[in-house]
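Structure file my_file_30.txt; described as compact mmCIF, C-alpha atoms.
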# COMPACT_ATOMS: atom_id res chain seq x y z
CA MET A 628 -3.31 -37.37 -52.45
CA SER A 629 -2.43 -33.71 -52.08
CA THR A 630 -4.32 -31.20 -54.22
CA PRO A 631 -2.13 -28.71 -56.08
CA ALA A 632 -2.92 -25.03 -55.41
CA THR A 633 -4.02 -24.61 -59.01
CA PRO A 634 -5.43 -27.88 -60.36
CA LEU A 635 -6.14 -28.55 -64.02
CA TRP A 636 -9.53 -27.80 -65.64
CA GLU A 637 -10.87 -28.70 -69.08
CA VAL A 638 -12.59 -26.03 -71.16
CA PHE A 639 -15.54 -26.57 -73.52
CA ILE A 640 -16.99 -23.83 -75.72
CA ARG A 641 -20.29 -23.67 -77.57
CA SER A 642 -19.66 -21.45 -80.56
CA ARG A 643 -23.30 -20.79 -81.50
CA ASN A 644 -26.79 -21.69 -80.45
CA GLY A 645 -27.75 -25.17 -81.55
CA LEU A 646 -24.21 -26.57 -81.57
CA ALA A 647 -22.69 -28.77 -78.89
CA HIS A 648 -19.98 -27.65 -76.49
CA LYS A 649 -16.62 -28.66 -77.87
CA HIS A 650 -13.38 -29.30 -76.01
CA VAL A 651 -10.84 -26.54 -76.73
CA GLY A 652 -8.09 -26.99 -74.16
CA SER A 653 -7.22 -26.81 -70.49
CA LEU A 654 -5.96 -24.36 -67.90
CA HIS A 655 -4.81 -24.08 -64.29
CA ALA A 656 -6.91 -22.25 -61.69
CA ALA A 657 -7.40 -22.26 -57.94
CA ASP A 658 -11.16 -22.88 -58.04
CA SER A 659 -14.15 -23.08 -60.36
CA THR A 660 -14.92 -19.33 -60.35
CA LEU A 661 -11.39 -18.37 -61.36
CA ALA A 662 -11.30 -21.26 -63.84
CA LEU A 663 -14.37 -19.87 -65.61
CA GLN A 664 -12.81 -16.39 -65.75
CA ALA A 665 -9.49 -17.76 -67.00
CA ALA A 666 -11.33 -19.74 -69.70
CA ARG A 667 -13.01 -16.53 -70.82
CA ASP A 668 -9.65 -14.74 -70.87
CA LEU A 669 -7.69 -17.51 -72.60
CA TYR A 670 -10.12 -19.10 -75.00
CA THR A 671 -12.73 -16.52 -76.05
CA ARG A 672 -10.56 -13.56 -77.09
CA ARG A 673 -11.55 -13.77 -80.74
CA GLY A 674 -15.27 -14.23 -80.39
CA GLU A 675 -15.07 -18.03 -80.21
CA GLY A 676 -18.19 -18.64 -78.24
CA LEU A 677 -21.43 -17.91 -76.42
CA SER A 678 -21.18 -20.42 -73.62
CA LEU A 679 -18.45 -22.07 -71.55
CA TRP A 680 -18.34 -25.33 -69.62
CA ILE A 681 -15.51 -25.98 -67.19
CA VAL A 682 -14.85 -29.47 -65.87
CA PRO A 683 -12.18 -30.53 -63.35
CA SER A 684 -9.75 -32.64 -65.37
CA HIS A 685 -9.82 -35.38 -62.74
CA ALA A 686 -13.57 -35.80 -63.40
CA ILE A 687 -12.89 -37.04 -66.92
CA ILE A 688 -12.82 -40.81 -67.27
CA ALA A 689 -10.58 -41.67 -70.19
CA SER A 690 -10.14 -44.88 -72.12
CA ASP A 691 -6.72 -46.50 -71.97
CA PRO A 692 -4.79 -46.26 -75.26
CA ALA A 693 -3.55 -49.82 -74.59
CA ASP A 694 -7.15 -51.03 -74.84
CA LYS A 695 -7.54 -49.53 -78.29
CA ASP A 696 -7.70 -52.87 -80.12
CA MET A 697 -10.32 -54.37 -77.80
CA MET A 698 -12.36 -51.19 -77.64
CA PHE A 699 -12.36 -49.95 -81.21
CA GLU A 700 -11.09 -52.67 -83.59
CA PRO A 701 -14.23 -54.87 -83.67
CA THR A 702 -16.28 -52.09 -85.21
CA ALA A 703 -14.07 -51.82 -88.30
CA SER A 704 -15.60 -54.84 -90.03
CA LYS A 705 -19.22 -53.79 -89.47
CA ILE A 706 -19.64 -51.41 -92.33
CA TYR A 707 -23.39 -52.08 -92.46
CA ARG A 708 -23.72 -49.81 -89.40
CA HIS A 709 -22.92 -46.80 -91.55
CA PRO A 710 -25.99 -45.13 -92.97
CA THR A 711 -24.19 -44.88 -96.33
CA PHE A 712 -24.68 -48.68 -96.61
CA TYR A 713 -28.27 -48.13 -97.60
CA GLU A 714 -29.46 -46.63 -100.85
CA VAL A 715 -31.59 -43.57 -100.25
CA PRO A 716 -34.50 -43.24 -102.74
CA ASP A 717 -34.28 -40.03 -104.78
CA GLU A 718 -37.72 -38.88 -103.56
CA VAL A 719 -36.35 -38.57 -100.02
CA GLY A 720 -34.03 -35.72 -101.01
CA HIS A 721 -31.46 -34.53 -98.50
CA MET A 722 -31.31 -36.42 -95.24
CA MET R 1163 -15.35 22.09 -71.00
CA LEU R 1164 -16.24 18.81 -72.67
CA ILE R 1165 -12.67 18.32 -73.83
CA ASP R 1166 -11.34 18.33 -70.25
CA TYR R 1167 -14.04 15.90 -69.20
CA LEU R 1168 -13.10 13.58 -72.09
CA LEU R 1169 -9.37 13.82 -71.42
CA ARG R 1170 -9.83 12.94 -67.75
CA ARG R 1171 -11.57 9.70 -68.73
CA ALA R 1172 -9.20 8.99 -71.63
CA ASP R 1173 -6.07 9.60 -69.53
CA ASP R 1174 -7.37 7.31 -66.76
CA ALA R 1175 -7.87 4.55 -69.30
CA LEU R 1176 -4.56 5.08 -71.13
CA ILE R 1177 -2.38 5.22 -68.03
CA LEU R 1178 -4.05 2.29 -66.28
CA GLY R 1179 -3.97 0.32 -69.53
CA HIS R 1180 -0.26 1.06 -69.85
CA ARG R 1181 0.38 -0.02 -66.26
CA LEU R 1182 -1.43 -3.32 -66.83
CA SER R 1183 0.47 -3.89 -70.07
CA GLU R 1184 3.71 -3.77 -68.06
CA TRP R 1185 2.69 -7.16 -66.63
CA THR R 1186 2.71 -8.86 -70.03
CA GLY R 1187 5.08 -11.79 -69.77
CA HIS R 1188 5.64 -11.23 -66.03
CA ALA R 1189 2.39 -12.28 -64.33
CA PRO R 1190 2.51 -15.05 -61.70
CA MET R 1191 0.75 -17.50 -64.04
CA MET R 1192 -0.08 -17.65 -67.74
CA GLU R 1193 -3.84 -17.44 -67.10
CA GLU R 1194 -3.42 -14.17 -65.22
CA ASP R 1195 -0.91 -12.83 -67.73
CA MET R 1196 -3.67 -13.07 -70.35
CA ALA R 1197 -6.32 -11.64 -68.04
CA LEU R 1198 -4.18 -8.56 -67.32
CA ALA R 1199 -3.34 -8.09 -71.00
CA ASN R 1200 -7.03 -8.38 -71.92
CA MET R 1201 -7.92 -5.71 -69.38
CA ALA R 1202 -5.11 -3.49 -70.67
CA LEU R 1203 -6.50 -3.78 -74.20
CA ASP R 1204 -10.04 -2.95 -73.03
CA LEU R 1205 -8.73 0.22 -71.40
CA ILE R 1206 -6.56 1.28 -74.33
CA GLY R 1207 -9.57 0.76 -76.60
CA GLN R 1208 -11.64 3.05 -74.37
CA ALA R 1209 -8.83 5.63 -74.40
CA ARG R 1210 -8.70 5.54 -78.21
CA SER R 1211 -12.43 6.22 -78.61
CA LEU R 1212 -12.25 9.09 -76.15
CA TYR R 1213 -9.10 10.63 -77.66
CA ALA R 1214 -10.59 10.38 -81.13
CA TYR R 1215 -13.66 12.27 -79.93
CA ALA R 1216 -11.54 14.82 -78.04
CA ALA R 1217 -9.45 15.41 -81.18
CA GLU R 1218 -12.64 15.97 -83.18
CA ILE R 1219 -13.67 18.71 -80.75
CA GLY R 1220 -10.37 20.27 -79.75
CA GLY R 1221 -8.02 19.54 -82.63
CA GLY R 1222 -4.94 17.37 -82.81
CA SER R 1223 -5.24 13.65 -83.26
CA GLU R 1224 -5.68 10.52 -81.21
CA ASP R 1225 -1.91 10.02 -81.31
CA SER R 1226 -0.93 13.59 -80.50
CA LEU R 1227 -3.21 13.54 -77.45
CA ALA R 1228 -1.85 10.24 -76.24
CA TYR R 1229 1.81 10.73 -77.08
CA LEU R 1230 2.71 14.38 -77.40
CA ARG R 1231 1.36 16.18 -74.35
CA ARG R 1232 3.53 17.18 -71.44
CA GLU R 1233 3.12 15.62 -68.00
CA GLY R 1234 1.13 18.55 -66.59
CA ALA R 1235 -1.44 18.24 -69.38
CA TYR R 1236 -2.46 14.73 -68.32
CA LYS R 1237 -5.56 14.71 -66.15
CA ASN R 1238 -5.66 11.11 -64.93
CA LEU R 1239 -6.25 10.03 -61.36
CA LEU R 1240 -3.14 9.59 -59.22
CA LEU R 1241 -4.47 6.09 -58.42
CA VAL R 1242 -3.95 4.75 -61.94
CA GLU R 1243 -0.33 5.94 -62.25
CA GLN R 1244 0.77 4.20 -59.03
CA PRO R 1245 3.36 1.48 -59.68
CA ASN R 1246 2.24 -2.11 -60.19
CA GLY R 1247 4.04 -3.28 -57.05
CA ASP R 1248 3.18 -6.92 -56.45
CA PHE R 1249 0.16 -8.78 -57.80
CA ALA R 1250 -1.95 -7.75 -54.78
CA MET R 1251 -1.21 -4.06 -55.41
CA THR R 1252 -2.12 -4.33 -59.09
CA ILE R 1253 -5.34 -6.24 -58.39
CA LEU R 1254 -6.43 -3.85 -55.65
CA ARG R 1255 -5.77 -0.82 -57.87
CA GLN R 1256 -7.86 -2.49 -60.57
CA PHE R 1257 -10.62 -3.26 -58.08
CA PHE R 1258 -10.75 0.30 -56.70
CA TYR R 1259 -10.83 1.79 -60.20
CA SER R 1260 -13.33 -0.71 -61.68
CA ALA R 1261 -15.70 -0.33 -58.73
CA PHE R 1262 -15.83 3.33 -59.73
CA ALA R 1263 -15.60 3.06 -63.53
CA ASP R 1264 -18.29 0.41 -63.96
CA PRO R 1265 -21.09 2.46 -62.33
CA PHE R 1266 -19.61 5.61 -63.90
CA TRP R 1267 -20.04 4.28 -67.43
CA ARG R 1268 -23.41 2.76 -66.60
CA ALA R 1269 -24.57 6.19 -65.44
CA SER R 1270 -23.12 7.69 -68.65
CA MET R 1271 -25.15 5.46 -70.97
CA PRO R 1272 -28.15 7.83 -71.09
CA SER R 1273 -25.87 10.82 -71.83
CA THR R 1274 -27.40 13.37 -74.21
CA ASP R 1275 -24.07 13.28 -76.07
CA ALA R 1276 -24.47 10.37 -78.51
CA THR R 1277 -20.73 9.62 -78.78
CA LEU R 1278 -20.27 9.52 -75.01
CA ALA R 1279 -23.34 7.30 -74.69
CA ALA R 1280 -21.88 4.88 -77.25
CA VAL R 1281 -18.47 4.77 -75.54
CA ALA R 1282 -20.25 4.23 -72.22
CA ALA R 1283 -22.27 1.28 -73.50
CA LYS R 1284 -19.09 -0.50 -74.62
CA ALA R 1285 -16.96 0.47 -71.63
CA GLU R 1286 -19.60 -0.56 -69.09
CA LYS R 1287 -19.50 -4.22 -70.19
CA GLU R 1288 -15.71 -4.22 -70.10
CA MET R 1289 -15.48 -2.62 -66.67
CA ALA R 1290 -18.14 -4.96 -65.27
CA TYR R 1291 -15.79 -7.84 -66.06
CA HIS R 1292 -12.74 -6.03 -64.63
CA LEU R 1293 -14.71 -5.49 -61.44
CA ARG R 1294 -15.79 -9.11 -61.20
CA HIS R 1295 -12.31 -10.45 -61.91
CA SER R 1296 -10.45 -8.12 -59.55
CA ALA R 1297 -13.05 -8.56 -56.78
CA GLU R 1298 -12.72 -12.36 -56.89
CA TRP R 1299 -8.96 -11.98 -56.50
CA VAL R 1300 -9.30 -9.53 -53.60
CA VAL R 1301 -11.46 -12.13 -51.83
CA ARG R 1302 -8.95 -14.91 -52.50
CA LEU R 1303 -5.95 -12.85 -51.39
CA GLY R 1304 -7.66 -11.57 -48.26
CA ASP R 1305 -9.18 -14.85 -47.11
CA SER R 1306 -6.10 -16.93 -47.82
CA THR R 1307 -2.56 -17.59 -46.58
CA PRO R 1308 -0.89 -15.16 -44.13
CA GLU R 1309 1.49 -14.10 -46.92
CA ALA R 1310 -1.31 -13.20 -49.35
CA ARG R 1311 -3.21 -11.42 -46.63
CA ARG R 1312 -0.16 -9.40 -45.59
CA ARG R 1313 0.29 -8.28 -49.19
CA ILE R 1314 -3.31 -7.25 -49.83
CA GLU R 1315 -3.42 -5.39 -46.49
CA ALA R 1316 -0.23 -3.53 -47.41
CA ALA R 1317 -1.82 -2.62 -50.74
CA ILE R 1318 -4.95 -1.28 -49.01
CA THR R 1319 -2.84 0.90 -46.72
CA LYS R 1320 -0.87 2.22 -49.68
CA LEU R 1321 -3.73 2.86 -52.14
CA TRP R 1322 -6.58 3.96 -49.90
CA PRO R 1323 -5.50 7.65 -49.82
CA TYR R 1324 -5.76 7.69 -53.64
CA THR R 1325 -9.43 6.69 -53.72
CA GLY R 1326 -10.95 10.02 -52.71
CA GLU R 1327 -9.90 11.72 -55.91
CA MET R 1328 -12.28 9.60 -58.01
CA PHE R 1329 -15.29 11.41 -56.55
CA GLU R 1330 -14.19 14.99 -57.03
CA ALA R 1331 -16.91 17.07 -58.71
CA ASP R 1332 -16.45 17.49 -62.45
CA GLU R 1333 -17.77 20.03 -65.01
CA ALA R 1334 -20.98 21.14 -63.32
CA GLY R 1335 -22.30 22.74 -66.52
CA LEU R 1336 -22.06 19.47 -68.43
CA VAL R 1337 -23.69 17.58 -65.59
CA GLU R 1338 -26.60 20.01 -65.69
CA SER R 1339 -27.12 19.50 -69.42
CA LYS R 1340 -27.03 15.72 -68.83
CA ILE R 1341 -23.95 15.23 -70.98
CA ALA R 1342 -21.69 14.33 -68.07
CA VAL R 1343 -22.03 12.34 -64.86
CA ASP R 1344 -21.16 13.89 -61.50
CA PRO R 1345 -18.61 11.45 -60.00
CA ALA R 1346 -19.48 12.67 -56.51
CA LEU R 1347 -22.85 10.90 -56.77
CA LEU R 1348 -21.12 7.55 -57.21
CA ALA R 1349 -19.26 7.59 -53.89
CA ALA R 1350 -21.95 5.75 -51.90
CA ASP R 1351 -22.19 2.98 -54.51
CA TRP R 1352 -18.43 2.57 -54.49
CA ARG R 1353 -18.29 2.30 -50.71
CA ASP R 1354 -21.00 -0.39 -50.78
CA THR R 1355 -19.10 -2.43 -53.34
CA VAL R 1356 -15.84 -2.14 -51.39
CA ALA R 1357 -17.57 -2.98 -48.09
CA GLN R 1358 -19.22 -6.09 -49.58
CA VAL R 1359 -16.08 -7.43 -51.22
CA PHE R 1360 -13.89 -6.68 -48.20
CA ALA R 1361 -16.42 -8.46 -45.97
CA ARG R 1362 -16.15 -11.58 -48.17
CA ALA R 1363 -12.36 -11.22 -48.03
CA THR R 1364 -12.44 -10.80 -44.21
CA LEU R 1365 -10.60 -7.47 -44.70
CA SER R 1366 -11.46 -4.25 -42.90
CA VAL R 1367 -12.33 -1.05 -44.69
CA PRO R 1368 -9.90 1.70 -43.57
CA ARG R 1369 -11.25 4.73 -41.78
CA ASP R 1370 -11.46 7.81 -43.92
CA GLY R 1371 -8.54 10.15 -43.57
CA TRP R 1372 -6.62 12.63 -45.65
CA MET R 1373 -6.92 12.00 -49.38
CA GLN R 1374 -4.43 12.68 -52.16
CA THR R 1375 -5.53 15.06 -54.89
CA GLY R 1376 -4.11 16.89 -57.92
CA GLY R 1377 -4.18 14.47 -60.86
CA ARG R 1378 -7.34 15.96 -62.35
CA HIS R 1379 -5.52 19.30 -62.57
CA GLY R 1380 -2.22 17.95 -63.89
CA ARG R 1381 -0.37 17.76 -60.57
CA HIS R 1382 1.01 14.24 -60.58
CA SER R 1383 3.11 11.91 -58.47
CA GLU R 1384 6.69 11.30 -59.58
CA HIS R 1385 5.57 8.12 -61.35
CA LEU R 1386 3.76 9.66 -64.31
CA GLY R 1387 6.92 11.17 -65.82
CA HIS R 1388 8.54 7.73 -65.90
CA ILE R 1389 5.46 6.21 -67.54
CA LEU R 1390 5.42 8.94 -70.18
CA SER R 1391 9.13 8.62 -70.96
CA GLU R 1392 8.46 5.02 -71.95
CA LEU R 1393 5.03 5.58 -73.51
CA GLN R 1394 6.09 8.56 -75.61
CA TYR R 1395 9.57 7.38 -76.55
CA MET R 1396 8.75 6.14 -80.06
CA GLN R 1397 6.68 9.13 -81.15
CA ARG R 1398 9.25 11.58 -79.78
CA THR R 1399 12.21 9.78 -81.31
CA PHE R 1400 10.56 9.09 -84.67
CA PRO R 1401 7.85 11.75 -85.01
CA GLY R 1402 4.87 10.54 -87.01
CA ALA R 1403 6.18 6.97 -87.13
CA THR R 1404 3.65 4.43 -88.37
CA TRP R 1405 3.81 0.71 -89.06

Turn the structure described in the file into structure tokens.
Amino acid sequence: MSTPATPLWEVFIRSRNGLAHKHVGSLHAADSTLALQAARDLYTRRGEGLSLWIVPSHAIIASDPADKDMMFEPTASKIYRHPTFYEVPDEVGHM
Amino acid sequence: MLIDYLLRRADDALILGHRLSEWTGHAPMMEEDMALANMALDLIGQARSLYAYAAEIGGGSEDSLAYLRREGAYKNLLLVEQPNGDFAMTILRQFFYSAFADPFWRASMPSTDATLAAVAAKAEKEMAYHLRHSAEWVVRLGDSTPEARRRIEAAITKLWPYTGEMFEADEAGLVESKIAVDPALLAADWRDTVAQVFARATLSVPRDGWMQTGGRHGRHSEHLGHILSELQYMQRTFPGATW
């Protein structure tokens, strides 16, 4: 497969210390160095973050929307997995 | 005079910022369109701080200094008024200027003038990024396809004679009182940066020859008048216009 001159990259930003990096969008760039700079220029213009992760889009393994029923349906009936299923004693306070 | 020293820096930033803003909507790719616009805004922000300070000292206002002076009163480097040309020309101009401006503002941070020191601290971070971004592009254009290499080499030939002006001595009295930085002292640093980046780009550094001069004293190339006719149009047509 031929590689385009400017392949696609996915951008993740961590907005503050203690939070996780969050996907914000994608961009085209020739290589990882320019991708990082383009991410800074495109996605952090309004003080959005303190840290950037750039991932080649082809490195992302995605689930197939057609498999949605098999993958995600069976969980719908198992409400006991939600922590809200249990009563929290008042003495515990905020969890 | 401090005001001349301030206007030289402010005019560099305004004119180069204006040149970069001409790319908005025209860059080869959206990512670079934004990068060039961001750099333009950094420079126009620096110009504003410097004009505001110059107005405080010498009278007038930020706007009157930016928009209502005649061509001969502008003291910017000839380098920054050179036309955008192609992407290689724009990037090389940015690289040559940033490789000077970044160490210049770093050296200005301990200035005994508190306002200059504050402007320097902000500008240094901005110019450090301009330098990194433009240098990475110089490497990729130089060490790339024959077409890209031909274009960056043409840009070097064209812009090299405009690089000497950056290091002309400036306001000796202010340098002595540690308000100002002597640009001449930054020449060796600049050469090192250019040599390192050109080596990565497999480009050769031109031999030193005759250098253009005049911008610092208001003697400009034919390009500045065209820039000003566009830049000043609104204020001249509708004096005092605000929005």

Q: Output as a PyMOL selection string the set of chain R residues within 8 Å of chain A, with distances taken over all atoms listed in the file.
A: chain R and resi 1193-1194+1196-1197+1200+1295+1298

Q | For Tyr1229 in chain R: contacts at 12 Å, all atoms listed in the file, fewer than 3 positions along chain excluded, given as a PyMOL selection string | A | chain R and resi 1173+1176-1177+1210+1213+1222-1226+1232-1233+1235-1236+1389-1403

Prev. selection, C-alpha atoms, output as a short mmCIF file (atom, residue, chain, number, x, y, z; two decimals), keeping the file's coordinate frame:
data_model
loop_
_atom_site.label_atom_id
_atom_site.label_comp_id
_atom_site.auth_asym_id
_atom_site.auth_seq_id
_atom_site.Cartn_x
_atom_site.Cartn_y
_atom_site.Cartn_z
CA ASP R 1173 -6.07 9.60 -69.53
CA LEU R 1176 -4.56 5.08 -71.13
CA ILE R 1177 -2.38 5.22 -68.03
CA ARG R 1210 -8.70 5.54 -78.21
CA TYR R 1213 -9.10 10.63 -77.66
CA GLY R 1222 -4.94 17.37 -82.81
CA SER R 1223 -5.24 13.65 -83.26
CA GLU R 1224 -5.68 10.52 -81.21
CA ASP R 1225 -1.91 10.02 -81.31
CA SER R 1226 -0.93 13.59 -80.50
CA ARG R 1232 3.53 17.18 -71.44
CA GLU R 1233 3.12 15.62 -68.00
CA ALA R 1235 -1.44 18.24 -69.38
CA TYR R 1236 -2.46 14.73 -68.32
CA ILE R 1389 5.46 6.21 -67.54
CA LEU R 1390 5.42 8.94 -70.18
CA SER R 1391 9.13 8.62 -70.96
CA GLU R 1392 8.46 5.02 -71.95
CA LEU R 1393 5.03 5.58 -73.51
CA GLN R 1394 6.09 8.56 -75.61
CA TYR R 1395 9.57 7.38 -76.55
CA MET R 1396 8.75 6.14 -80.06
CA GLN R 1397 6.68 9.13 -81.15
CA ARG R 1398 9.25 11.58 -79.78
CA THR R 1399 12.21 9.78 -81.31
CA PHE R 1400 10.56 9.09 -84.67
CA PRO R 1401 7.85 11.75 -85.01
CA GLY R 1402 4.87 10.54 -87.01
CA ALA R 1403 6.18 6.97 -87.13
#

**Q.** Between CA of Asn1246 in chain R and CA of Asp1166 in chain R - distance in Å to one decimal
**A.** 26.5 Å

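Taking all atoms listed in the file into account, His685 in chain A lies nearest to A:Ser653 out of the set A:Thr702, A:Ser642, A:Thr671, A:Ser653.
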
Q.
Using Å and a single decimal, report how far CA of Ile640 in chain A sits from CA of Ser678 in chain A.
A. 5.8 Å

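We find CA of Ala1276 in chain R and CA of Ala1261 in chain R to be spaced 24.1 Å apart.
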
Val1281 in chain R surroundings by all atoms listed in the file, 8 Å radius, close-in-sequence under 2 positions cut, as a PDB file with C-alpha atoms, in the coordinates of the input:
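The file below, result31.pdb, is the result:
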ATOM      1  CA  GLN R1208     -11.640   3.050 -74.370  1.00  0.00           C
ATOM      2  CA  SER R1211     -12.430   6.220 -78.610  1.00  0.00           C
ATOM      3  CA  LEU R1212     -12.250   9.090 -76.150  1.00  0.00           C
ATOM      4  CA  THR R1277     -20.730   9.620 -78.780  1.00  0.00           C
ATOM      5  CA  LEU R1278     -20.270   9.520 -75.010  1.00  0.00           C
ATOM      6  CA  ALA R1279     -23.340   7.300 -74.690  1.00  0.00           C
ATOM      7  CA  ALA R1283     -22.270   1.280 -73.500  1.00  0.00           C
ATOM      8  CA  LYS R1284     -19.090  -0.500 -74.620  1.00  0.00           C
ATOM      9  CA  ALA R1285     -16.960   0.470 -71.630  1.00  0.00           C
TER      10      ALA R1285
END

Q.
So, with all atoms listed in the file as the atoms that count, which of R:Val1301, R:Ala1214, R:Leu1386, R:Ala1342 lies closest to Leu1365 in chain R?
A. R:Val1301
